[in-house]
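To start, the structure itself, in structure tokens.
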Amino acid sequence: MEQPRATDHERRLLLPASLFGMAAILALPLSATPAGRIVPALVFATPITLVLVGMLHRHRGVIVTGAALAVALLVLALAVASGVDPGVLGNLAPLVLLVGPVVAVIAVGRPLREVDMVAAAGFLISATIAVIAGFAAAQTPGAAGLVLAVGLLGCAIVAARIGRRVPTGER
């Protein structure tokens with residue numbers, strides 16, 4: 001079965017969408033490790049992923065949703081940093097951390113699968129292993145490095161597959 005050829009537009013957006021999608025996936029298991037201090041920055045990966053995927057599919061609603069989510073998270077971060085009680089808005093960041101992996105797998109995994117099956121498999125299996133290993137090893141020294149290494153491996157597979165030009169039949 002022949003896969004459709006990816007356009008340059010798709011390839012330009014799939015790599016950063018994959019990187020931010022992987023960051024959205026890794027944020028949750030990293031929150032249980034000593035590297036959890038970087039999670040407040042990684043929480044923005046989910047809205048950025050949404051914006052990139054919206055641009056990929058030229059879907060204005062997804063772009064607006066991702067941008068609005070990013071602004072809401074920024075307001076939350078500024079409120080907390082200035083000592084203001086965010087109230088109910090304080091639940092937004094943990095909610096984004098919880099749904100980020102699902103959003104990323106669906107939003108990035110599907111377009112990758114349509115463009116390159118091996119890239120999609122590399123992304124999805126690496127993300128899965130990273131999440132499982134992250135939670136399983138949360139109390140083990142080096143767990144954060146393991147989570148990041150597996151995630152980076154998946155991104156390297158995506159970059160290698162998306163970044164090269166191959167005949168359609170080879171995919």
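Note on naming: chains are A, B, ... as they come in the structure tokens, residues start from 1 per chain, ligands start from 1 in the order shown.
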
Can you tell me, as a CSV table (one decimal) with N, CA and C atoms, in the first residue's frame, what residues are no more than 8 Å from Leu28 of chain A when counting only C-alpha atoms, ignoring any on the same chain fewer than 2 positions away?
chain,number,residue,atom,x,y,z
A,24,ALA,N,5.3,17.4,25.6
A,24,ALA,CA,4.0,17.3,26.3
A,24,ALA,C,3.8,15.9,26.9
A,25,ILE,N,4.3,14.9,26.2
A,25,ILE,CA,4.2,13.5,26.8
A,25,ILE,C,5.2,13.3,28.0
A,26,LEU,N,6.4,13.8,27.8
A,26,LEU,CA,7.4,13.6,28.9
A,26,LEU,C,7.1,14.5,30.1
A,30,LEU,N,8.0,13.2,34.0
A,30,LEU,CA,9.1,14.0,34.6
A,30,LEU,C,8.6,14.7,35.9
A,31,SER,N,7.3,15.0,36.0
A,31,SER,CA,6.8,15.7,37.2
A,31,SER,C,7.0,14.8,38.4
A,32,ALA,N,7.2,13.5,38.2
A,32,ALA,CA,7.4,12.6,39.4
A,32,ALA,C,8.9,12.4,39.7
A,39,VAL,N,9.2,21.1,34.6
A,39,VAL,CA,7.8,20.8,34.2
A,39,VAL,C,7.0,22.1,34.0
A,97,LEU,N,-1.1,18.9,32.1
A,97,LEU,CA,-0.1,17.8,32.3
A,97,LEU,C,-0.8,16.4,32.1
A,98,LEU,N,-2.0,16.3,32.6
A,98,LEU,CA,-2.7,15.0,32.5
A,98,LEU,C,-3.1,14.6,31.1
A,100,GLY,N,-2.1,16.2,28.3
A,100,GLY,CA,-1.0,16.5,27.3
A,100,GLY,C,-0.6,15.2,26.5
A,101,PRO,N,-0.3,14.1,27.2
A,101,PRO,CA,0.2,12.9,26.5
A,101,PRO,C,-0.9,12.4,25.5
A,131,VAL,N,7.0,7.2,29.1
A,131,VAL,CA,6.0,7.4,30.2
A,131,VAL,C,6.1,6.2,31.2

Query - Contacts of Asn91 of chain A at 12 Å (only C-alpha atoms; same-chain gap of 5+ positions) as a PyMOL selection string - result: chain A and resi 72-73+76-77+85-86+96-98

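Proximity of A:Ala119, A:Pro29, A:Thr7, A:Leu78 to Ala133 of chain A, computed with only C-alpha atoms, is greatest for A:Pro29.
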
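Restricting the calculation to only C-alpha atoms, the smallest distance between Pro40 of chain A and any of A:Ile63, A:Ile129, A:Leu74, A:Val84 is found for A:Leu74.
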
Report summary line: Counting only C-alpha atoms, the residue among A:Leu153, A:Ala68, A:Leu19, A:Leu14 that lies closest to Met55 of chain A is A:Leu14

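Considering the residues A:Leu95, A:Ile132, A:Ala144, A:Phe123 and counting only C-alpha atoms, Leu15 of chain A has its shortest atom-to-atom contact with A:Phe123.
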
Requested in this report: Please identify which residues in chain A DSSP calls alpha helix (DSSP H) from the backbone, and express them as a PyMOL selection string.
Outcome: chain A and resi 8-30+39-42+45-56+60-81+92-115+117-136+143-162

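Interatomic distance, atom CA of Ala23 of chain A to atom CA of Ala45 of chain A: 5.9 Å.
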
Query raised in the report: If we count only C-alpha atoms, what is near Ser18 of chain A at a cut-off of 9 Å, once residues fewer than 4 positions away on the same chain are taken out, given as JSON, numbers by chain?
Result: {"A": [13, 14, 22, 23, 49, 104, 108, 109, 112, 123, 155, 158, 159]}

Report task. Just give me the gap between atom CA of Ile162 of chain A and atom CA of Val147 of chain A in Å, one decimal is fine. Result ->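 Those two atoms sit 22.6 Å apart.
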
Report task. Might you pull out every residue within 9 Å of Ala107 of chain A, with only C-alpha atoms counted and same-chain residues fewer than 2 positions away left off, and present them as a ChimeraX atom specification? Result -> /A:17,21,49-50,53,102-105,109-111

Export of prior selection with N, CA and C atoms as a compact mmCIF listing (two decimals), in the first residue's frame:
# COMPACT_ATOMS: atom_id res chain seq x y z
N ALA A 17 6.25 19.84 15.62
CA ALA A 17 5.07 19.28 16.30
C ALA A 17 5.46 18.01 17.06
N GLY A 21 5.26 17.74 20.91
CA GLY A 21 4.40 16.65 21.33
C GLY A 21 5.12 15.72 22.29
N THR A 49 1.93 22.40 20.68
CA THR A 49 1.62 21.27 19.80
C THR A 49 0.29 21.51 19.10
N LEU A 50 -0.71 21.96 19.83
CA LEU A 50 -2.01 22.24 19.22
C LEU A 50 -1.90 23.30 18.13
N VAL A 53 -0.15 21.70 15.05
CA VAL A 53 -1.02 20.75 14.35
C VAL A 53 -2.16 21.49 13.67
N VAL A 102 -2.14 12.44 25.89
CA VAL A 102 -3.21 11.95 25.00
C VAL A 102 -3.36 12.88 23.81
N VAL A 103 -3.35 14.17 24.07
CA VAL A 103 -3.46 15.15 22.99
C VAL A 103 -2.30 14.97 22.01
N ALA A 104 -1.09 14.83 22.54
CA ALA A 104 0.09 14.70 21.68
C ALA A 104 0.06 13.43 20.84
N VAL A 105 -0.33 12.32 21.46
CA VAL A 105 -0.37 11.06 20.72
C VAL A 105 -1.37 11.14 19.57
N GLY A 109 0.68 11.78 16.46
CA GLY A 109 0.81 10.40 15.98
C GLY A 109 0.06 10.14 14.69
N ARG A 110 -1.14 10.66 14.59
CA ARG A 110 -1.93 10.41 13.38
C ARG A 110 -1.33 11.07 12.12
N PRO A 111 -0.99 12.36 12.16
CA PRO A 111 -0.37 12.94 10.97
C PRO A 111 0.96 12.27 10.61

Report summary line: Across A:Leu152, A:Ala130, A:Val118, A:Val43, the smallest distance to Ala93 of chain A, with only C-alpha atoms counted, is shown by A:Val43

Query - Atom-to-atom span, atom CA of Thr46 of chain A and atom CA of Val62 of chain A, Å - result: 11.7 Å
